[in-house]
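Q: Just work_5.tsv, nothing more (TSV, C-alpha atoms):
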```tsv
chain	number	residue	atom	x	y	z
A	1	MET	CA	26.14	112.65	95.30
A	2	PRO	CA	26.71	111.40	98.84
A	3	VAL	CA	30.16	111.92	100.26
A	4	LYS	CA	31.90	108.73	101.24
A	5	THR	CA	34.88	109.09	103.52
A	6	GLN	CA	37.35	106.72	105.09
A	7	THR	CA	39.33	107.32	108.26
A	8	MET	CA	43.03	107.37	107.50
A	9	LYS	CA	46.19	108.55	109.22
A	10	ARG	CA	47.96	111.68	108.13
A	11	ILE	CA	51.65	111.60	108.95
A	12	SER	CA	53.64	114.83	108.85
A	13	ILE	CA	57.42	114.74	109.01
A	14	VAL	CA	59.66	117.79	109.28
A	15	ALA	CA	63.31	116.98	108.68
A	16	GLU	CA	66.57	118.32	107.39
A	17	ALA	CA	66.18	118.65	103.64
A	18	ILE	CA	69.24	116.47	103.10
A	19	ILE	CA	67.46	113.32	104.27
A	20	ALA	CA	64.14	113.97	102.53
A	21	GLU	CA	64.76	111.59	99.65
A	22	ARG	CA	65.75	108.76	101.94
A	23	LEU	CA	62.62	109.35	104.04
A	24	ILE	CA	60.41	109.30	100.98
A	25	ASP	CA	61.94	106.05	99.76
A	26	ASP	CA	61.21	104.46	103.14
A	27	ILE	CA	57.65	105.77	103.21
A	28	ILE	CA	56.85	104.37	99.77
A	29	ARG	CA	58.56	101.07	100.49
A	30	LEU	CA	56.46	100.65	103.65
A	31	GLY	CA	53.20	101.03	101.76
A	32	ALA	CA	52.31	104.66	101.19
A	33	SER	CA	50.91	105.27	97.73
A	34	GLY	CA	51.79	108.94	97.61
A	35	TYR	CA	53.24	111.89	99.44
A	36	THR	CA	53.70	115.62	99.19
A	37	GLN	CA	56.85	117.52	99.95
A	38	THR	CA	57.08	121.23	100.65
A	39	ALA	CA	60.04	123.41	101.51
A	40	ALA	CA	59.95	125.00	104.94
A	41	GLU	CA	62.12	127.27	106.95
A	42	GLY	CA	62.31	126.80	110.64
A	43	ARG	CA	64.19	125.48	113.56
A	44	GLY	CA	63.68	122.57	115.83
A	45	SER	CA	66.12	122.76	118.66
A	46	ARG	CA	65.22	123.65	122.20
A	47	GLY	CA	65.03	127.35	121.68
A	48	VAL	CA	68.62	128.01	120.76
A	49	ARG	CA	68.71	130.23	117.72
A	50	ALA	CA	72.16	129.13	116.55
A	51	SER	CA	71.00	125.61	115.94
A	52	GLU	CA	72.48	123.18	113.50
A	53	TRP	CA	68.93	122.64	112.35
A	54	GLU	CA	68.10	126.21	111.52
A	55	GLY	CA	67.41	126.70	107.85
A	56	ARG	CA	66.14	124.55	105.06
A	57	ASN	CA	63.79	121.82	106.09
A	58	ALA	CA	61.54	119.53	104.16
A	59	LYS	CA	57.98	118.87	105.22
A	60	ILE	CA	56.78	115.51	103.99
A	61	GLU	CA	53.17	114.46	104.33
A	62	THR	CA	51.43	111.23	103.52
A	63	ILE	CA	47.94	109.83	104.01
A	64	VAL	CA	47.99	106.13	104.84
A	65	ARG	CA	46.02	103.30	106.35
A	66	PRO	CA	46.56	102.81	110.10
A	67	ASP	CA	48.68	99.68	109.62
A	68	VAL	CA	50.97	101.48	107.21
A	69	ALA	CA	51.18	104.44	109.57
A	70	GLU	CA	52.36	102.13	112.34
A	71	LYS	CA	55.14	100.78	110.14
A	72	ILE	CA	56.29	104.25	109.11
A	73	LEU	CA	56.32	105.53	112.69
A	74	GLU	CA	58.27	102.46	113.78
A	75	ARG	CA	60.82	103.08	111.06
A	76	LEU	CA	61.15	106.75	112.02
A	77	THR	CA	61.61	105.82	115.66
A	78	SER	CA	64.21	103.14	115.04
A	79	HIS	CA	66.21	104.68	112.20
A	80	TYR	CA	65.91	108.45	112.34
A	81	LEU	CA	65.07	109.95	115.70
A	82	LYS	CA	68.42	109.39	117.35
A	83	ASN	CA	70.60	110.47	114.48
A	84	PHE	CA	68.71	113.22	112.71
A	85	ALA	CA	66.68	116.29	113.54
A	86	VAL	CA	63.27	114.87	112.75
A	87	ILE	CA	59.83	115.67	114.05
A	88	ALA	CA	56.92	113.44	113.11
A	89	TYR	CA	53.31	113.51	114.17
A	90	THR	CA	50.09	111.85	113.16
A	91	HIS	CA	46.36	112.38	113.43
A	92	ASP	CA	43.17	110.97	111.98
A	93	VAL	CA	41.63	112.47	108.86
A	94	GLU	CA	38.50	111.68	106.87
A	95	VAL	CA	39.51	111.11	103.27
A	96	ILE	CA	37.19	111.18	100.30
A	97	ARG	CA	37.83	108.51	97.70
A	98	GLY	CA	39.38	106.31	100.35
A	99	ASP	CA	39.56	103.34	98.02
A	100	LYS	CA	42.52	104.97	96.35
A	101	TYR	CA	44.96	104.24	99.19
B	1	MET	CA	42.12	137.45	127.86
B	2	PRO	CA	40.24	134.15	127.68
B	3	VAL	CA	40.64	132.18	124.48
B	4	LYS	CA	37.40	131.58	122.63
B	5	THR	CA	37.49	128.87	120.00
B	6	GLN	CA	35.00	127.43	117.59
B	7	THR	CA	35.06	123.94	116.09
B	8	MET	CA	35.46	124.16	112.33
B	9	LYS	CA	36.45	121.81	109.52
B	10	ARG	CA	39.82	122.05	107.88
B	11	ILE	CA	39.79	120.74	104.33
B	12	SER	CA	43.08	119.97	102.60
B	13	ILE	CA	43.17	119.29	98.89
B	14	VAL	CA	46.22	118.16	96.94
B	15	ALA	CA	45.72	118.36	93.20
B	16	GLU	CA	47.47	118.92	89.92
B	17	ALA	CA	48.48	122.57	89.83
B	18	ILE	CA	46.60	123.04	86.58
B	19	ILE	CA	43.20	122.73	88.25
B	20	ALA	CA	43.99	124.78	91.34
B	21	GLU	CA	42.26	127.93	90.17
B	22	ARG	CA	39.09	126.08	89.28
B	23	LEU	CA	39.09	124.36	92.67
B	24	ILE	CA	39.51	127.67	94.47
B	25	ASP	CA	36.64	129.23	92.55
B	26	ASP	CA	34.40	126.34	93.58
B	27	ILE	CA	35.49	126.54	97.21
B	28	ILE	CA	34.74	130.25	97.44
B	29	ARG	CA	31.44	129.92	95.60
B	30	LEU	CA	30.32	127.20	98.04
B	31	GLY	CA	30.87	129.43	101.05
B	32	ALA	CA	34.50	129.44	102.13
B	33	SER	CA	35.68	132.91	103.10
B	34	GLY	CA	39.34	132.23	102.53
B	35	TYR	CA	41.97	129.70	101.56
B	36	THR	CA	45.71	129.21	101.36
B	37	GLN	CA	47.59	127.68	98.49
B	38	THR	CA	51.11	126.29	98.64
B	39	ALA	CA	53.24	124.63	95.99
B	40	ALA	CA	54.12	121.02	96.65
B	41	GLU	CA	56.10	118.34	94.95
B	42	GLY	CA	54.91	114.81	95.19
B	43	ARG	CA	53.18	111.94	93.60
B	44	GLY	CA	49.84	110.38	94.16
B	45	SER	CA	49.60	107.24	92.16
B	46	ARG	CA	49.76	103.77	93.58
B	47	GLY	CA	53.49	103.57	93.96
B	48	VAL	CA	54.47	103.90	90.36
B	49	ARG	CA	57.22	106.45	90.08
B	50	ALA	CA	56.57	107.32	86.44
B	51	SER	CA	53.17	108.69	87.23
B	52	GLU	CA	51.37	111.32	85.25
B	53	TRP	CA	50.86	113.03	88.56
B	54	GLU	CA	54.48	113.28	89.56
B	55	GLY	CA	55.66	116.84	89.82
B	56	ARG	CA	53.99	120.11	90.53
B	57	ASN	CA	50.99	119.93	92.77
B	58	ALA	CA	49.00	122.55	94.56
B	59	LYS	CA	47.96	122.14	98.16
B	60	ILE	CA	44.84	124.11	98.93
B	61	GLU	CA	43.56	124.49	102.45
B	62	THR	CA	40.45	126.12	103.81
B	63	ILE	CA	38.80	126.40	107.22
B	64	VAL	CA	35.03	126.27	106.98
B	65	ARG	CA	31.86	125.59	108.91
B	66	PRO	CA	30.68	121.95	108.82
B	67	ASP	CA	27.82	122.69	106.42
B	68	VAL	CA	30.17	124.38	103.98
B	69	ALA	CA	32.63	121.50	104.32
B	70	GLU	CA	29.89	119.07	103.33
B	71	LYS	CA	29.13	121.07	100.18
B	72	ILE	CA	32.78	121.27	99.20
B	73	LEU	CA	33.37	117.55	99.72
B	74	GLU	CA	30.25	116.76	97.68
B	75	ARG	CA	31.53	118.94	94.87
B	76	LEU	CA	34.95	117.29	94.96
B	77	THR	CA	33.38	113.85	94.89
B	78	SER	CA	31.00	114.57	92.03
B	79	HIS	CA	33.16	116.76	89.80
B	80	TYR	CA	36.83	116.00	90.43
B	81	LEU	CA	37.61	112.57	91.83
B	82	LYS	CA	36.92	110.60	88.68
B	83	ASN	CA	38.64	112.89	86.23
B	84	PHE	CA	41.57	114.36	88.09
B	85	ALA	CA	44.32	113.29	90.44
B	86	VAL	CA	42.89	114.80	93.59
B	87	ILE	CA	43.24	113.87	97.23
B	88	ALA	CA	41.07	115.60	99.80
B	89	TYR	CA	40.75	115.07	103.52
B	90	THR	CA	39.14	116.83	106.43
B	91	HIS	CA	39.41	116.99	110.20
B	92	ASP	CA	38.13	119.12	113.05
B	93	VAL	CA	40.12	122.09	114.30
B	94	GLU	CA	39.56	124.61	117.05
B	95	VAL	CA	39.75	128.07	115.57
B	96	ILE	CA	40.28	131.28	117.49
B	97	ARG	CA	38.18	134.23	116.36
B	98	GLY	CA	35.61	131.84	114.98
B	99	ASP	CA	33.18	134.68	114.27
B	100	LYS	CA	35.28	135.57	111.27
B	101	TYR	CA	34.18	132.63	109.15
C	1	MET	CA	61.01	99.01	118.24
C	2	PRO	CA	57.71	100.05	119.83
C	3	VAL	CA	56.41	103.45	118.84
C	4	LYS	CA	55.99	105.84	121.75
C	5	THR	CA	53.86	108.86	121.11
C	6	GLN	CA	52.78	111.83	123.16
C	7	THR	CA	49.66	113.92	122.62
C	8	MET	CA	50.61	117.47	121.75
C	9	LYS	CA	48.90	120.49	120.23
C	10	ARG	CA	49.63	121.54	116.71
C	11	ILE	CA	49.01	125.25	116.18
C	12	SER	CA	48.75	126.61	112.64
C	13	ILE	CA	48.80	130.34	112.03
C	14	VAL	CA	48.23	132.01	108.67
C	15	ALA	CA	49.11	135.68	108.69
C	16	GLU	CA	50.36	138.53	106.59
C	17	ALA	CA	54.01	137.80	105.86
C	18	ILE	CA	55.00	141.15	107.33
C	19	ILE	CA	54.20	140.07	110.89
C	20	ALA	CA	55.67	136.57	110.66
C	21	GLU	CA	58.88	137.37	112.46
C	22	ARG	CA	57.07	139.03	115.32
C	23	LEU	CA	54.75	136.04	115.63
C	24	ILE	CA	57.68	133.63	115.71
C	25	ASP	CA	59.42	135.62	118.42
C	26	ASP	CA	56.28	135.47	120.53
C	27	ILE	CA	55.84	131.74	119.95
C	28	ILE	CA	59.39	130.96	121.01
C	29	ARG	CA	59.24	133.27	124.00
C	30	LEU	CA	56.07	131.55	125.21
C	31	GLY	CA	57.72	128.14	125.23
C	32	ALA	CA	57.71	126.56	121.79
C	33	SER	CA	60.98	124.81	121.03
C	34	GLY	CA	60.59	124.98	117.27
C	35	TYR	CA	58.45	126.01	114.36
C	36	THR	CA	58.19	125.77	110.60
C	37	GLN	CA	57.33	128.57	108.25
C	38	THR	CA	56.13	128.18	104.68
C	39	ALA	CA	55.13	130.76	102.11
C	40	ALA	CA	51.50	130.65	101.03
C	41	GLU	CA	49.30	132.51	98.66
C	42	GLY	CA	45.72	133.09	99.59
C	43	ARG	CA	43.14	135.39	100.90
C	44	GLY	CA	41.34	135.57	104.16
C	45	SER	CA	38.65	138.16	103.94
C	46	ARG	CA	34.95	137.44	103.72
C	47	GLY	CA	34.89	136.59	100.07
C	48	VAL	CA	35.92	139.91	98.66
C	49	ARG	CA	38.58	139.34	96.06
C	50	ALA	CA	40.06	142.84	96.28
C	51	SER	CA	41.13	142.28	99.85
C	52	GLU	CA	43.98	143.99	101.59
C	53	TRP	CA	45.01	140.48	102.61
C	54	GLU	CA	45.25	138.95	99.19
C	55	GLY	CA	48.73	137.85	98.35
C	56	ARG	CA	51.74	136.78	100.32
C	57	ASN	CA	51.00	135.07	103.55
C	58	ALA	CA	53.12	133.13	105.95
C	59	LYS	CA	51.98	129.85	107.41
C	60	ILE	CA	53.62	129.18	110.75
C	61	GLU	CA	53.25	125.86	112.51
C	62	THR	CA	54.42	124.68	115.88
C	63	ILE	CA	53.96	121.56	117.97
C	64	VAL	CA	53.69	122.35	121.66
C	65	ARG	CA	52.48	121.05	124.99
C	66	PRO	CA	48.88	121.96	125.85
C	67	ASP	CA	49.89	124.57	128.43
C	68	VAL	CA	52.15	126.30	125.93
C	69	ALA	CA	49.40	126.15	123.31
C	70	GLU	CA	47.06	127.96	125.69
C	71	LYS	CA	49.57	130.75	126.18
C	72	ILE	CA	50.15	131.15	122.46
C	73	LEU	CA	46.43	131.23	121.67
C	74	GLU	CA	45.90	133.80	124.42
C	75	ARG	CA	48.65	135.96	122.97
C	76	LEU	CA	47.17	135.69	119.47
C	77	THR	CA	43.74	136.61	120.76
C	78	SER	CA	44.87	139.59	122.79
C	79	HIS	CA	47.56	141.07	120.54
C	80	TYR	CA	46.87	140.09	116.94
C	81	LEU	CA	43.29	139.25	116.08
C	82	LYS	CA	41.93	142.77	116.20
C	83	ASN	CA	44.72	144.48	114.35
C	84	PHE	CA	45.96	141.97	111.82
C	85	ALA	CA	44.60	139.49	109.32
C	86	VAL	CA	45.40	136.34	111.27
C	87	ILE	CA	43.80	132.93	111.32
C	88	ALA	CA	44.90	130.41	113.92
C	89	TYR	CA	43.66	126.93	114.68
C	90	THR	CA	44.74	124.01	116.78
C	91	HIS	CA	44.19	120.27	117.03
C	92	ASP	CA	45.67	117.29	118.82
C	93	VAL	CA	48.46	115.27	117.25
C	94	GLU	CA	50.36	112.19	118.36
C	95	VAL	CA	54.07	113.00	118.24
C	96	ILE	CA	56.88	110.47	118.22
C	97	ARG	CA	59.88	111.36	120.37
C	98	GLY	CA	57.63	113.46	122.57
C	99	ASP	CA	60.37	113.99	125.13
C	100	LYS	CA	61.95	116.49	122.79
C	101	TYR	CA	59.38	119.25	123.41
```
Before we go any further, please render this structure as structure tokens.
A:
Amino acid sequence: MPVKTQTMKRISIVAEAIIAERLIDDIIRLGASGYTQTAAEGRGSRGVRASEWEGRNAKIETIVRPDVAEKILERLTSHYLKNFAVIAYTHDVEVIRGDKY
Amino acid sequence: MPVKTQTMKRISIVAEAIIAERLIDDIIRLGASGYTQTAAEGRGSRGVRASEWEGRNAKIETIVRPDVAEKILERLTSHYLKNFAVIAYTHDVEVIRGDKY
Amino acid sequence: MPVKTQTMKRISIVAEAIIAERLIDDIIRLGASGYTQTAAEGRGSRGVRASEWEGRNAKIETIVRPDVAEKILERLTSHYLKNFAVIAYTHDVEVIRGDKY
């Protein structure tokens, strides 16, 4: 069977676990049809070990169409980056069964 | 020491935890020399919270040569996508110590 | 609000859990401002199930500038690849709030 793929955007967000649920609600509301969440340890400050962000983080990932990715990144920029310890990055992926998204 | 890298395919699969072992067996049989598996929460349906796929998922990742990636994606397309809640995507990565794969 | 992104390198390292702390110390010392660590099961040998590397692994990820990525990959190549079961790969990502790194 030939493999059909579709280019999508993968967005990865690492944030304080306490805001994970709010982030997920926003992601779904903006058009993502799914997500995964994993627990992660880590730190995100500028190299200072005694950071307020050391400890429990949530890593949230979603695979979305480019237009949905744009909306999610806009939301992260305008509502989260200033007030929370959040890192978010995106890159292209080839998804099989692309019609699902 | 100069850094030698080799372009490989990273395949990420998110699936119901119940089929993880079967997926891993297929991946190894088709030529992957290793994999990682992490537990993930999430949902994958089209925005419906009460999904049959809400809850425990497995995220399986493997780094393989392009020809092996093609075989794995074919297998996923022909044997999993219709019958299981599976998302799979791939992208290029630069791997150090590429001779290991 | 317009989305500003910066191209960075994501480095993913999968290694025996026992050397995770040493790896993280090296990563931070070489200029990374943060990392995440997740527990992973898996195996990394050439298809042999009874591997010395079957079992608990650590997956360490960091988002860094290209020059820092080069230093980290050099360190991995020169100090880890021969003596430990380590897989490391890198790819470009677009990061929001790029001024943080």
Q: For each of C:Thr62, C:Gln37, C:Asn57, C:Thr7, take the minimum atom-to-atom distance to chain B, counting all atoms listed in the file, then give the residue where this is smallest.
A: C:Asn57
Q: Mind doing a quick least-squares superposition of chain C onto chain B, all C-alpha atoms paired one-to-one in order, and writing it out as a compact mmCIF listing (two decimals) with C-alpha atoms, in the frame of the given file?
A:
```txt
# COMPACT_ATOMS: atom_id res chain seq x y z
CA MET C 1 42.09 137.46 127.85
CA PRO C 2 40.20 134.15 127.67
CA VAL C 3 40.63 132.18 124.48
CA LYS C 4 37.40 131.56 122.62
CA THR C 5 37.49 128.87 120.00
CA GLN C 6 34.99 127.42 117.58
CA THR C 7 35.07 123.94 116.08
CA MET C 8 35.48 124.16 112.33
CA LYS C 9 36.47 121.81 109.52
CA ARG C 10 39.83 122.07 107.91
CA ILE C 11 39.80 120.74 104.35
CA SER C 12 43.10 119.97 102.61
CA ILE C 13 43.17 119.29 98.90
CA VAL C 14 46.23 118.17 96.95
CA ALA C 15 45.73 118.36 93.21
CA GLU C 16 47.47 118.91 89.92
CA ALA C 17 48.48 122.56 89.84
CA ILE C 18 46.60 123.03 86.58
CA ILE C 19 43.20 122.72 88.25
CA ALA C 20 43.99 124.78 91.34
CA GLU C 21 42.26 127.92 90.18
CA ARG C 22 39.11 126.06 89.28
CA LEU C 23 39.11 124.36 92.68
CA ILE C 24 39.52 127.68 94.47
CA ASP C 25 36.65 129.22 92.55
CA ASP C 26 34.42 126.34 93.57
CA ILE C 27 35.50 126.54 97.21
CA ILE C 28 34.74 130.24 97.43
CA ARG C 29 31.45 129.90 95.60
CA LEU C 30 30.34 127.20 98.03
CA GLY C 31 30.89 129.44 101.04
CA ALA C 32 34.51 129.46 102.13
CA SER C 33 35.68 132.93 103.11
CA GLY C 34 39.35 132.23 102.53
CA TYR C 35 41.97 129.72 101.56
CA THR C 36 45.71 129.22 101.36
CA GLN C 37 47.59 127.69 98.50
CA THR C 38 51.12 126.31 98.64
CA ALA C 39 53.24 124.66 95.99
CA ALA C 40 54.14 121.04 96.65
CA GLU C 41 56.11 118.36 94.96
CA GLY C 42 54.93 114.82 95.20
CA ARG C 43 53.17 111.97 93.62
CA GLY C 44 49.83 110.42 94.22
CA SER C 45 49.55 107.30 92.18
CA ARG C 46 49.68 103.78 93.56
CA GLY C 47 53.41 103.60 93.93
CA VAL C 48 54.38 103.90 90.32
CA ARG C 49 57.17 106.41 90.03
CA ALA C 50 56.53 107.24 86.37
CA SER C 51 53.14 108.66 87.17
CA GLU C 52 51.32 111.28 85.19
CA TRP C 53 50.86 113.00 88.54
CA GLU C 54 54.47 113.26 89.54
CA GLY C 55 55.63 116.81 89.83
CA ARG C 56 53.99 120.10 90.55
CA ASN C 57 51.00 119.94 92.77
CA ALA C 58 49.01 122.55 94.57
CA LYS C 59 47.97 122.14 98.17
CA ILE C 60 44.85 124.13 98.94
CA GLU C 61 43.56 124.51 102.47
CA THR C 62 40.45 126.13 103.83
CA ILE C 63 38.80 126.41 107.22
CA VAL C 64 35.03 126.28 106.98
CA ARG C 65 31.86 125.59 108.91
CA PRO C 66 30.70 121.96 108.82
CA ASP C 67 27.83 122.67 106.43
CA VAL C 68 30.17 124.37 103.99
CA ALA C 69 32.64 121.51 104.32
CA GLU C 70 29.92 119.06 103.31
CA LYS C 71 29.16 121.05 100.18
CA ILE C 72 32.82 121.26 99.20
CA LEU C 73 33.40 117.54 99.73
CA GLU C 74 30.29 116.76 97.69
CA ARG C 75 31.55 118.95 94.87
CA LEU C 76 34.98 117.28 94.97
CA THR C 77 33.40 113.85 94.90
CA SER C 78 31.03 114.57 92.04
CA HIS C 79 33.18 116.77 89.80
CA TYR C 80 36.84 115.99 90.42
CA LEU C 81 37.63 112.57 91.81
CA LYS C 82 36.94 110.61 88.66
CA ASN C 83 38.67 112.89 86.22
CA PHE C 84 41.59 114.37 88.10
CA ALA C 85 44.34 113.30 90.45
CA VAL C 86 42.90 114.80 93.61
CA ILE C 87 43.25 113.86 97.24
CA ALA C 88 41.10 115.60 99.82
CA TYR C 89 40.78 115.08 103.54
CA THR C 90 39.17 116.83 106.45
CA HIS C 91 39.42 116.99 110.22
CA ASP C 92 38.15 119.13 113.07
CA VAL C 93 40.13 122.11 114.30
CA GLU C 94 39.56 124.62 117.08
CA VAL C 95 39.76 128.10 115.56
CA ILE C 96 40.28 131.31 117.48
CA ARG C 97 38.18 134.26 116.32
CA GLY C 98 35.59 131.83 114.99
CA ASP C 99 33.12 134.62 114.29
CA LYS C 100 35.16 135.53 111.25
CA TYR C 101 34.03 132.56 109.13
```
Q: What are the residues of chain C that have an atom within 6 Å of an atom of chain A, counting all atoms listed in the file, as a short mmCIF file (atom, residue, chain, number, x, y, z; two decimals) with C-alpha atoms, in the frame of the given file?
A:
```cif
data_model
loop_
_atom_site.label_atom_id
_atom_site.label_comp_id
_atom_site.auth_asym_id
_atom_site.auth_seq_id
_atom_site.Cartn_x
_atom_site.Cartn_y
_atom_site.Cartn_z
CA VAL C 3 56.41 103.45 118.84
CA SER C 33 60.98 124.81 121.03
CA GLY C 34 60.59 124.98 117.27
CA TYR C 35 58.45 126.01 114.36
CA THR C 36 58.19 125.77 110.60
CA GLN C 37 57.33 128.57 108.25
CA THR C 38 56.13 128.18 104.68
CA VAL C 93 48.46 115.27 117.25
CA GLU C 94 50.36 112.19 118.36
CA VAL C 95 54.07 113.00 118.24
CA ILE C 96 56.88 110.47 118.22
#
```
Q: Just how far from atom CA of B:Ala69 is atom CA of A:Arg97, in Å to one decimal?
A: 15.5 Å
Q: For atom CA of B:Lys9 and atom CA of C:Glu61, determine how far apart the two atoms are, in Å to one decimal place.
A: 17.5 Å
Q: In Å, with one decimal, what is the gap from atom CA of A:Arg65 to atom CA of A:Thr5?
A: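 Answer for the atom CA of A:Arg65 to atom CA of A:Thr5 separation: 12.9 Å.
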Q: Please output stretch 25-47 of chain A, rebuilt to include N, CA and C atoms, as a short mmCIF file (atom, residue, chain, number, x, y, z; two decimals), keeping the file's coordinate frame.
A:
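What ended up in out-v6.cif:
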```cif
data_model
loop_
_atom_site.label_atom_id
_atom_site.label_comp_id
_atom_site.auth_asym_id
_atom_site.auth_seq_id
_atom_site.Cartn_x
_atom_site.Cartn_y
_atom_site.Cartn_z
N ASP A 25 61.74 107.43 100.20
CA ASP A 25 61.94 106.05 99.76
C ASP A 25 61.41 105.06 100.81
N ASP A 26 61.69 105.34 102.07
CA ASP A 26 61.21 104.46 103.14
C ASP A 26 59.68 104.47 103.21
N ILE A 27 59.11 105.65 103.10
CA ILE A 27 57.65 105.77 103.21
C ILE A 27 56.95 104.96 102.11
N ILE A 28 57.46 105.09 100.90
CA ILE A 28 56.85 104.37 99.77
C ILE A 28 57.06 102.86 99.93
N ARG A 29 58.25 102.49 100.32
CA ARG A 29 58.56 101.07 100.49
C ARG A 29 57.66 100.42 101.55
N LEU A 30 57.28 101.19 102.57
CA LEU A 30 56.46 100.65 103.65
C LEU A 30 54.96 100.68 103.34
N GLY A 31 54.59 101.18 102.16
CA GLY A 31 53.20 101.03 101.76
C GLY A 31 52.42 102.28 101.43
N ALA A 32 53.02 103.44 101.58
CA ALA A 32 52.31 104.66 101.19
C ALA A 32 52.21 104.74 99.68
N SER A 33 51.08 105.19 99.18
CA SER A 33 50.91 105.27 97.73
C SER A 33 51.21 106.66 97.19
N GLY A 34 51.48 107.59 98.06
CA GLY A 34 51.79 108.94 97.61
C GLY A 34 52.31 109.77 98.75
N TYR A 35 52.74 110.96 98.43
CA TYR A 35 53.24 111.89 99.44
C TYR A 35 53.26 113.28 98.83
N THR A 36 53.37 114.28 99.68
CA THR A 36 53.70 115.62 99.19
C THR A 36 54.89 116.12 99.97
N GLN A 37 55.67 116.94 99.31
CA GLN A 37 56.85 117.52 99.95
C GLN A 37 56.83 119.02 99.72
N THR A 38 56.99 119.78 100.79
CA THR A 38 57.08 121.23 100.65
C THR A 38 58.33 121.72 101.36
N ALA A 39 58.88 122.81 100.87
CA ALA A 39 60.04 123.41 101.51
C ALA A 39 59.58 124.25 102.68
N ALA A 40 60.31 124.21 103.76
CA ALA A 40 59.95 125.00 104.94
C ALA A 40 61.20 125.55 105.58
N GLU A 41 61.08 126.74 106.10
CA GLU A 41 62.12 127.27 106.95
C GLU A 41 61.71 126.99 108.39
N GLY A 42 62.69 126.99 109.25
CA GLY A 42 62.31 126.80 110.64
C GLY A 42 63.48 126.37 111.47
N ARG A 43 63.16 126.07 112.71
CA ARG A 43 64.19 125.48 113.56
C ARG A 43 63.53 124.56 114.55
N GLY A 44 64.29 123.60 115.01
CA GLY A 44 63.68 122.57 115.83
C GLY A 44 64.40 122.27 117.11
N SER A 45 65.40 123.04 117.42
CA SER A 45 66.12 122.76 118.66
C SER A 45 65.37 123.36 119.83
N ARG A 46 65.93 123.26 120.98
CA ARG A 46 65.22 123.65 122.20
C ARG A 46 65.28 125.15 122.47
N GLY A 47 65.12 125.92 121.46
CA GLY A 47 65.03 127.35 121.68
C GLY A 47 66.33 128.10 121.44
#
```
